[in-house]
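Visitor: First the structure, then my questions, so here it is.
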Amino acid sequence: MTSTNGGDDRRTGSDISRSLELLWDEAARPTRGPKPALTLDRIVTEAVRLADAEGIAAVSMRRLATELGTGTMSLYRYVPGKGVLLDLMLDRVYAPPEEDASWTGGWREGVETYARETLVRYRRHPWLLHVNQARPVLGPGAVGGLDRTLSRIRTMGLTDPELIGVIVMVEGYVTGAARTQVHEMEAAQTTGLSDQAFWEAQTPTLDRAMRSGRYPTLATLSHDAFGTDFDHFEFGLQRLLDGLDVMVARREQDT
């Protein structure tokens, strides 16, 4: 996971330790007594659902307790605070999907799959774009996803730092594309104005600007230059892969 915009990082050592305990199921559990009304899994599931529906700002211990039908203090028996809860939420959404069969594709398919799955994740959980992930606390979900991707691109024949560099590069590209897509979705929801209506409102003014002669290069573009039929994400992804193809071929030739 790479850094995205927004969010403070005010962790303490105790927060990190507690997050790791809960992520890796290392916290001590009571062996006797009545079955608890809540579970950590249920709490994290509800927190992710709430963030998906209303944004990460809507997730607070008080609001979460209300949604779960319990008291706020009851939640603190499971999660010490929002910082640790966020670590659990992130690891949940970064966990790789279950697979029925072993991977049979090549490294290029591995990179493509990683890129597309990352884009889907951001679209499904747009709040991720507002969370500072520069220093993630790694749990089994995130580690499992990273291991899965590395196993698929290992055949590139690159050094280990270069393989991590490939993942960082692709993540950065996808994050930029996802931010644009998510912001477009949010703008349409907030204003009630579709993309088509938004641009149509500017068309008369832009037409006059193009006829003025002040923007000769733009004026020569075809009418479909900014059309929605062109997949900019896929175009950029394939060019990125083409560049990696050249690097891999050179490395194979050198060795």
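So you can find residues: chains in the structure tokens are A, B, ... in the order shown, residues in each start at 1, and ligands are numbered from 1 in order.
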Considering only alpha helix (DSSP H) as DSSP defines it on the backbone, what residues of range 37-67 of chain A qualify? List them as a PDB file with N, CA, C and O atoms, in the first residue's frame.

Guide:
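Produced file out.pdb, reproduced below:
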ATOM      1  N   LEU A  40     -15.219  -9.052  17.032  1.00  0.00           N
ATOM      2  CA  LEU A  40     -14.365  -8.107  16.320  1.00  0.00           C
ATOM      3  C   LEU A  40     -14.693  -8.095  14.836  1.00  0.00           C
ATOM      4  O   LEU A  40     -14.709  -7.038  14.198  1.00  0.00           O
ATOM      5  N   ASP A  41     -14.971  -9.259  14.276  1.00  0.00           N
ATOM      6  CA  ASP A  41     -15.314  -9.347  12.856  1.00  0.00           C
ATOM      7  C   ASP A  41     -16.555  -8.530  12.536  1.00  0.00           C
ATOM      8  O   ASP A  41     -16.602  -7.813  11.538  1.00  0.00           O
ATOM      9  N   ARG A  42     -17.549  -8.614  13.381  1.00  0.00           N
ATOM     10  CA  ARG A  42     -18.788  -7.860  13.156  1.00  0.00           C
ATOM     11  C   ARG A  42     -18.540  -6.359  13.248  1.00  0.00           C
ATOM     12  O   ARG A  42     -19.095  -5.572  12.477  1.00  0.00           O
ATOM     13  N   ILE A  43     -17.704  -5.957  14.185  1.00  0.00           N
ATOM     14  CA  ILE A  43     -17.403  -4.534  14.352  1.00  0.00           C
ATOM     15  C   ILE A  43     -16.700  -3.983  13.111  1.00  0.00           C
ATOM     16  O   ILE A  43     -17.054  -2.922  12.591  1.00  0.00           O
ATOM     17  N   VAL A  44     -15.694  -4.704  12.633  1.00  0.00           N
ATOM     18  CA  VAL A  44     -14.946  -4.246  11.462  1.00  0.00           C
ATOM     19  C   VAL A  44     -15.840  -4.242  10.227  1.00  0.00           C
ATOM     20  O   VAL A  44     -15.796  -3.316   9.409  1.00  0.00           O
ATOM     21  N   THR A  45     -16.661  -5.264  10.076  1.00  0.00           N
ATOM     22  CA  THR A  45     -17.575  -5.329   8.928  1.00  0.00           C
ATOM     23  C   THR A  45     -18.514  -4.129   8.916  1.00  0.00           C
ATOM     24  O   THR A  45     -18.734  -3.511   7.866  1.00  0.00           O
ATOM     25  N   GLU A  46     -19.059  -3.778  10.060  1.00  0.00           N
ATOM     26  CA  GLU A  46     -19.974  -2.642  10.137  1.00  0.00           C
ATOM     27  C   GLU A  46     -19.243  -1.326   9.897  1.00  0.00           C
ATOM     28  O   GLU A  46     -19.776  -0.415   9.251  1.00  0.00           O
ATOM     29  N   ALA A  47     -18.018  -1.217  10.386  1.00  0.00           N
ATOM     30  CA  ALA A  47     -17.239   0.007  10.182  1.00  0.00           C
ATOM     31  C   ALA A  47     -16.952   0.213   8.697  1.00  0.00           C
ATOM     32  O   ALA A  47     -17.054   1.341   8.186  1.00  0.00           O
ATOM     33  N   VAL A  48     -16.589  -0.842   7.991  1.00  0.00           N
ATOM     34  CA  VAL A  48     -16.325  -0.745   6.554  1.00  0.00           C
ATOM     35  C   VAL A  48     -17.614  -0.381   5.817  1.00  0.00           C
ATOM     36  O   VAL A  48     -17.617   0.460   4.910  1.00  0.00           O
ATOM     37  N   ARG A  49     -18.726  -1.001   6.192  1.00  0.00           N
ATOM     38  CA  ARG A  49     -20.004  -0.698   5.545  1.00  0.00           C
ATOM     39  C   ARG A  49     -20.365   0.772   5.725  1.00  0.00           C
ATOM     40  O   ARG A  49     -20.809   1.438   4.779  1.00  0.00           O
ATOM     41  N   LEU A  50     -20.166   1.287   6.929  1.00  0.00           N
ATOM     42  CA  LEU A  50     -20.487   2.679   7.221  1.00  0.00           C
ATOM     43  C   LEU A  50     -19.588   3.623   6.422  1.00  0.00           C
ATOM     44  O   LEU A  50     -20.055   4.626   5.864  1.00  0.00           O
ATOM     45  N   ALA A  51     -18.306   3.307   6.352  1.00  0.00           N
ATOM     46  CA  ALA A  51     -17.375   4.139   5.587  1.00  0.00           C
ATOM     47  C   ALA A  51     -17.719   4.113   4.100  1.00  0.00           C
ATOM     48  O   ALA A  51     -17.645   5.144   3.418  1.00  0.00           O
ATOM     49  N   ASP A  52     -18.080   2.958   3.584  1.00  0.00           N
ATOM     50  CA  ASP A  52     -18.467   2.858   2.177  1.00  0.00           C
ATOM     51  C   ASP A  52     -19.685   3.717   1.873  1.00  0.00           C
ATOM     52  O   ASP A  52     -19.773   4.340   0.806  1.00  0.00           O
ATOM     53  N   ALA A  53     -20.622   3.743   2.800  1.00  0.00           N
ATOM     54  CA  ALA A  53     -21.879   4.449   2.572  1.00  0.00           C
ATOM     55  C   ALA A  53     -21.777   5.949   2.795  1.00  0.00           C
ATOM     56  O   ALA A  53     -22.371   6.741   2.049  1.00  0.00           O
ATOM     57  N   GLU A  54     -21.000   6.368   3.813  1.00  0.00           N
ATOM     58  CA  GLU A  54     -21.019   7.774   4.199  1.00  0.00           C
ATOM     59  C   GLU A  54     -19.642   8.428   4.283  1.00  0.00           C
ATOM     60  O   GLU A  54     -19.547   9.613   4.593  1.00  0.00           O
ATOM     61  N   MET A  61     -16.491   5.926  17.130  1.00  0.00           N
ATOM     62  CA  MET A  61     -16.849   4.867  18.064  1.00  0.00           C
ATOM     63  C   MET A  61     -18.308   5.029  18.516  1.00  0.00           C
ATOM     64  O   MET A  61     -19.040   4.048  18.655  1.00  0.00           O
ATOM     65  N   ARG A  62     -18.737   6.256  18.696  1.00  0.00           N
ATOM     66  CA  ARG A  62     -20.113   6.506  19.119  1.00  0.00           C
ATOM     67  C   ARG A  62     -21.097   6.090  18.024  1.00  0.00           C
ATOM     68  O   ARG A  62     -22.099   5.412  18.292  1.00  0.00           O
ATOM     69  N   ARG A  63     -20.833   6.517  16.780  1.00  0.00           N
ATOM     70  CA  ARG A  63     -21.736   6.184  15.679  1.00  0.00           C
ATOM     71  C   ARG A  63     -21.754   4.678  15.430  1.00  0.00           C
ATOM     72  O   ARG A  63     -22.808   4.089  15.175  1.00  0.00           O
ATOM     73  N   LEU A  64     -20.598   4.058  15.514  1.00  0.00           N
ATOM     74  CA  LEU A  64     -20.507   2.618  15.295  1.00  0.00           C
ATOM     75  C   LEU A  64     -21.290   1.862  16.355  1.00  0.00           C
ATOM     76  O   LEU A  64     -21.982   0.869  16.054  1.00  0.00           O
ATOM     77  N   ALA A  65     -21.214   2.321  17.588  1.00  0.00           N
ATOM     78  CA  ALA A  65     -21.969   1.680  18.668  1.00  0.00           C
ATOM     79  C   ALA A  65     -23.467   1.779  18.403  1.00  0.00           C
ATOM     80  O   ALA A  65     -24.217   0.818  18.619  1.00  0.00           O
ATOM     81  N   THR A  66     -23.898   2.928  17.898  1.00  0.00           N
ATOM     82  CA  THR A  66     -25.318   3.105  17.578  1.00  0.00           C
ATOM     83  C   THR A  66     -25.748   2.135  16.485  1.00  0.00           C
ATOM     84  O   THR A  66     -26.811   1.508  16.578  1.00  0.00           O
ATOM     85  N   GLU A  67     -24.944   2.018  15.442  1.00  0.00           N
ATOM     86  CA  GLU A  67     -25.283   1.118  14.337  1.00  0.00           C
ATOM     87  C   GLU A  67     -25.323  -0.333  14.789  1.00  0.00           C
ATOM     88  O   GLU A  67     -26.100  -1.140  14.267  1.00  0.00           O
TER      89      GLU A  67
END

Visitor: Quick one: residues within 12 Å of Tyr78 in chain A, only C-alpha atoms counted, chain neighbours fewer than 4 positions away excluded, as a PyMOL selection string?

Guide: chain A and resi 18-19+21-22+27-29+36-44+61+65+72-74+82+84-85+88

Visitor: Once you have the residues from the selection above, write them out as a CSV table (one decimal), in the first residue's frame, restricted to N, CA, C and O atoms.

Guide:
chain,number,residue,atom,x,y,z
A,18,ARG,N,-1.1,-3.0,19.8
A,18,ARG,CA,-2.5,-3.4,19.9
A,18,ARG,C,-3.1,-3.8,18.5
A,18,ARG,O,-3.8,-4.8,18.4
A,19,SER,N,-2.8,-3.0,17.5
A,19,SER,CA,-3.3,-3.3,16.2
A,19,SER,C,-2.7,-4.6,15.7
A,19,SER,O,-3.4,-5.5,15.1
A,21,GLU,N,-1.7,-7.1,17.5
A,21,GLU,CA,-2.3,-8.2,18.3
A,21,GLU,C,-3.6,-8.6,17.7
A,21,GLU,O,-3.9,-9.8,17.5
A,22,LEU,N,-4.4,-7.6,17.4
A,22,LEU,CA,-5.8,-7.9,16.8
A,22,LEU,C,-5.7,-8.4,15.4
A,22,LEU,O,-6.5,-9.3,15.0
A,27,ALA,N,-4.2,-11.5,20.5
A,27,ALA,CA,-4.7,-11.0,21.8
A,27,ALA,C,-5.3,-12.2,22.6
A,27,ALA,O,-5.8,-13.1,22.1
A,28,ALA,N,-5.1,-12.1,23.9
A,28,ALA,CA,-5.6,-13.1,24.8
A,28,ALA,C,-7.1,-13.1,24.8
A,28,ALA,O,-7.8,-12.1,24.8
A,29,ARG,N,-7.7,-14.3,24.7
A,29,ARG,CA,-9.2,-14.4,24.7
A,29,ARG,C,-9.7,-15.2,25.9
A,29,ARG,O,-9.0,-16.1,26.4
A,36,PRO,N,-19.7,-13.6,24.0
A,36,PRO,CA,-19.9,-12.1,23.9
A,36,PRO,C,-21.0,-11.8,22.8
A,36,PRO,O,-21.1,-12.4,21.8
A,37,ALA,N,-21.7,-10.7,23.1
A,37,ALA,CA,-22.7,-10.2,22.1
A,37,ALA,C,-22.1,-9.7,20.8
A,37,ALA,O,-22.7,-9.8,19.8
A,38,LEU,N,-20.9,-9.1,20.9
A,38,LEU,CA,-20.3,-8.6,19.7
A,38,LEU,C,-19.1,-9.5,19.4
A,38,LEU,O,-18.6,-10.2,20.3
A,39,THR,N,-18.6,-9.3,18.2
A,39,THR,CA,-17.3,-9.9,17.8
A,39,THR,C,-16.5,-8.9,17.0
A,39,THR,O,-17.1,-7.9,16.5
A,40,LEU,N,-15.2,-9.1,17.0
A,40,LEU,CA,-14.4,-8.1,16.3
A,40,LEU,C,-14.7,-8.1,14.8
A,40,LEU,O,-14.7,-7.0,14.2
A,41,ASP,N,-15.0,-9.3,14.3
A,41,ASP,CA,-15.3,-9.3,12.9
A,41,ASP,C,-16.6,-8.5,12.5
A,41,ASP,O,-16.6,-7.8,11.5
A,42,ARG,N,-17.5,-8.6,13.4
A,42,ARG,CA,-18.8,-7.9,13.2
A,42,ARG,C,-18.5,-6.4,13.2
A,42,ARG,O,-19.1,-5.6,12.5
A,43,ILE,N,-17.7,-6.0,14.2
A,43,ILE,CA,-17.4,-4.5,14.4
A,43,ILE,C,-16.7,-4.0,13.1
A,43,ILE,O,-17.1,-2.9,12.6
A,44,VAL,N,-15.7,-4.7,12.6
A,44,VAL,CA,-14.9,-4.2,11.5
A,44,VAL,C,-15.8,-4.2,10.2
A,44,VAL,O,-15.8,-3.3,9.4
A,61,MET,N,-16.5,5.9,17.1
A,61,MET,CA,-16.8,4.9,18.1
A,61,MET,C,-18.3,5.0,18.5
A,61,MET,O,-19.0,4.0,18.7
A,65,ALA,N,-21.2,2.3,17.6
A,65,ALA,CA,-22.0,1.7,18.7
A,65,ALA,C,-23.5,1.8,18.4
A,65,ALA,O,-24.2,0.8,18.6
A,72,THR,N,-21.2,2.6,23.6
A,72,THR,CA,-19.9,3.0,23.2
A,72,THR,C,-18.8,2.3,24.0
A,72,THR,O,-17.8,1.8,23.4
A,73,MET,N,-19.0,2.2,25.3
A,73,MET,CA,-17.9,1.6,26.1
A,73,MET,C,-17.8,0.1,25.8
A,73,MET,O,-16.7,-0.5,26.0
A,74,SER,N,-18.8,-0.5,25.3
A,74,SER,CA,-18.7,-1.9,25.0
A,74,SER,C,-17.8,-2.2,23.8
A,74,SER,O,-17.0,-3.2,23.8
A,82,LYS,N,-10.3,4.6,17.4
A,82,LYS,CA,-10.5,4.7,16.0
A,82,LYS,C,-9.2,4.4,15.2
A,82,LYS,O,-9.3,3.8,14.1
A,84,VAL,N,-6.8,2.2,15.8
A,84,VAL,CA,-6.7,0.7,15.7
A,84,VAL,C,-7.8,0.2,14.8
A,84,VAL,O,-7.6,-0.7,14.0
A,85,LEU,N,-9.0,0.7,15.0
A,85,LEU,CA,-10.1,0.3,14.1
A,85,LEU,C,-9.8,0.5,12.6
A,85,LEU,O,-10.1,-0.4,11.8
A,88,LEU,N,-7.6,-2.2,11.2
A,88,LEU,CA,-8.4,-3.4,11.0
A,88,LEU,C,-9.2,-3.2,9.7
A,88,LEU,O,-9.3,-4.2,8.9

Visitor: Contacts of Ala115 in chain A at 8 Å or less, counting only C-alpha atoms, minus same-chain residues fewer than 4 places along, as an mmCIF file with all heavy atoms, in the first residue's frame?

Guide:
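selection_15.cif, written as the output of this step:
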data_model
loop_
_atom_site.group_PDB
_atom_site.id
_atom_site.type_symbol
_atom_site.label_atom_id
_atom_site.label_comp_id
_atom_site.auth_asym_id
_atom_site.auth_seq_id
_atom_site.Cartn_x
_atom_site.Cartn_y
_atom_site.Cartn_z
ATOM 1 N N VAL A 111 0.356 -8.213 -13.475
ATOM 2 C CA VAL A 111 0.334 -6.762 -13.260
ATOM 3 C C VAL A 111 -1.034 -6.195 -13.628
ATOM 4 O O VAL A 111 -1.587 -5.343 -12.926
ATOM 5 C CB VAL A 111 1.450 -6.075 -14.078
ATOM 6 C CG1 VAL A 111 1.320 -4.559 -13.969
ATOM 7 C CG2 VAL A 111 2.826 -6.512 -13.589
ATOM 8 N N LEU A 119 -8.092 -0.753 -8.800
ATOM 9 C CA LEU A 119 -9.067 0.252 -9.227
ATOM 10 C C LEU A 119 -10.458 -0.082 -8.687
ATOM 11 O O LEU A 119 -11.167 0.797 -8.186
ATOM 12 C CB LEU A 119 -9.106 0.339 -10.748
ATOM 13 C CG LEU A 119 -10.062 1.385 -11.332
ATOM 14 C CD1 LEU A 119 -9.640 2.789 -10.913
ATOM 15 C CD2 LEU A 119 -10.131 1.278 -12.854
ATOM 16 N N VAL A 170 2.738 0.850 -10.182
ATOM 17 C CA VAL A 170 1.378 0.543 -10.636
ATOM 18 C C VAL A 170 0.352 1.107 -9.654
ATOM 19 O O VAL A 170 -0.661 1.683 -10.062
ATOM 20 C CB VAL A 170 1.197 -0.979 -10.800
ATOM 21 C CG1 VAL A 170 -0.258 -1.311 -11.118
ATOM 22 C CG2 VAL A 170 2.101 -1.499 -11.910
ATOM 23 N N GLU A 171 0.625 0.963 -8.356
ATOM 24 C CA GLU A 171 -0.282 1.500 -7.344
ATOM 25 C C GLU A 171 -0.428 3.014 -7.495
ATOM 26 O O GLU A 171 -1.536 3.562 -7.391
ATOM 27 C CB GLU A 171 0.244 1.167 -5.945
ATOM 28 C CG GLU A 171 -0.473 1.854 -4.803
ATOM 29 C CD GLU A 171 -1.781 1.198 -4.418
ATOM 30 O OE1 GLU A 171 -2.028 0.061 -4.864
ATOM 31 O OE2 GLU A 171 -2.549 1.824 -3.679
ATOM 32 N N VAL A 174 -2.628 3.723 -10.598
ATOM 33 C CA VAL A 174 -4.032 3.396 -10.360
ATOM 34 C C VAL A 174 -4.667 4.372 -9.371
ATOM 35 O O VAL A 174 -5.817 4.780 -9.544
ATOM 36 C CB VAL A 174 -4.179 1.949 -9.853
ATOM 37 C CG1 VAL A 174 -5.641 1.637 -9.546
ATOM 38 C CG2 VAL A 174 -3.651 0.959 -10.886
ATOM 39 N N LEU A 237 -2.523 2.035 -18.754
ATOM 40 C CA LEU A 237 -2.058 0.768 -18.193
ATOM 41 C C LEU A 237 -1.275 -0.026 -19.237
ATOM 42 O O LEU A 237 -0.203 -0.576 -18.932
ATOM 43 C CB LEU A 237 -3.242 -0.051 -17.692
ATOM 44 C CG LEU A 237 -2.923 -1.449 -17.161
ATOM 45 C CD1 LEU A 237 -1.951 -1.383 -15.986
ATOM 46 C CD2 LEU A 237 -4.204 -2.174 -16.746
#

Visitor: Dump as JSON lines the rows for residues of range 82-199 of chain A within 10 Å of range 240-246 of chain A: closest atom pair and distance in Å with one decimal, only C-alpha atoms counted, ordered by chain and rising residue number.

Guide:
{"residue": "A:Trp107", "atom": "CA", "partner": "A:Asp245", "partner_atom": "CA", "distance": 9.7}
{"residue": "A:Arg108", "atom": "CA", "partner": "A:Leu241", "partner_atom": "CA", "distance": 6.9}
{"residue": "A:Glu109", "atom": "CA", "partner": "A:Leu241", "partner_atom": "CA", "distance": 9.6}
{"residue": "A:Val111", "atom": "CA", "partner": "A:Leu241", "partner_atom": "CA", "distance": 7.9}
{"residue": "A:Glu112", "atom": "CA", "partner": "A:Leu241", "partner_atom": "CA", "distance": 8.2}
{"residue": "A:Met156", "atom": "CA", "partner": "A:Asp245", "partner_atom": "CA", "distance": 8.9}
{"residue": "A:Val166", "atom": "CA", "partner": "A:Leu244", "partner_atom": "CA", "distance": 8.5}
{"residue": "A:Met169", "atom": "CA", "partner": "A:Leu240", "partner_atom": "CA", "distance": 9.2}
{"residue": "A:Val170", "atom": "CA", "partner": "A:Leu240", "partner_atom": "CA", "distance": 8.2}
{"residue": "A:Tyr173", "atom": "CA", "partner": "A:Leu240", "partner_atom": "CA", "distance": 9.1}

Visitor: Given the selection you just returned, output its residues as a file containing C-alpha atoms, formatted as a PDB file, in the first residue's frame.

Guide:
ATOM      1  CA  TRP A 107       3.778 -11.599 -15.258  1.00  0.00           C
ATOM      2  CA  ARG A 108       1.981  -9.170 -17.567  1.00  0.00           C
ATOM      3  CA  GLU A 109      -1.390 -10.676 -16.681  1.00  0.00           C
ATOM      4  CA  VAL A 111       0.334  -6.762 -13.260  1.00  0.00           C
ATOM      5  CA  GLU A 112      -2.919  -6.186 -15.169  1.00  0.00           C
ATOM      6  CA  MET A 156       9.910 -10.820 -14.657  1.00  0.00           C
ATOM      7  CA  VAL A 166       6.825  -2.272 -10.055  1.00  0.00           C
ATOM      8  CA  MET A 169       4.595   2.314  -9.673  1.00  0.00           C
ATOM      9  CA  VAL A 170       1.378   0.543 -10.636  1.00  0.00           C
ATOM     10  CA  TYR A 173      -0.812   5.079 -11.451  1.00  0.00           C
TER      11      TYR A 173
END

Visitor: I want to know what sits within 12 Å of His183 in chain A, based on only C-alpha atoms, with residues of the same chain fewer than 3 positions away left out; could you give that as a list of chain:residue names?

Guide: A:Tyr122, A:Arg123, A:Pro126, A:Trp127, A:Leu129, A:His130, A:Thr175, A:Gly176, A:Ala177, A:Ala178, A:Arg179, A:Thr180, A:Glu186, A:Ala187, A:Ala188, A:Gln189, A:Thr190, A:Thr191, A:Asp195

Visitor: Just to confirm, what's the straight-line distance from CA of Leu86 in chain A to CA of Pro161 in chain A in Å (one decimal)?

Guide: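 We find that CA of Leu86 in chain A and CA of Pro161 in chain A lie 28.2 Å from each other.
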
Visitor: One decimal, in Å: what's the spacing between CA of Met185 in chain A and CA of Gln238 in chain A?

Guide: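 Those two atoms sit 24.3 Å apart.
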
Visitor: Using only C-alpha atoms, find the one residue out of A:Ile16, A:Val59, A:Ala134, A:Val93 that sits nearest to Pro80 in chain A.

Guide: A:Ile16

Visitor: Please indicate the distance in Å from CA of Gly139 in chain A to CA of Ala95 in chain A, rounded to one decimal place.

Guide: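 Spanning CA of Gly139 in chain A to CA of Ala95 in chain A is a straight-line distance of 9.0 Å.
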
Visitor: Rank A:Tyr76, A:Phe226, A:Phe235, A:Trp199 by their smallest atom-to-atom distance to Ser60 in chain A, using only C-alpha atoms, and report the top residue only.

Guide: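 Of all the options, A:Tyr76 lies closest to Ser60 in chain A.
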
Visitor: Could you tell me which of A:Ser17, A:Gln181, A:Thr113, A:Ser102 comes closest to His232 in chain A if we count only C-alpha atoms?

Guide: A:Gln181

Visitor: Nearest to Asp147 in chain A: which of A:Tyr94, A:Phe233, A:Tyr215, A:Phe198 is it, counting only C-alpha atoms?

Guide: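 Smallest separation from Asp147 in chain A among the options: A:Tyr94.
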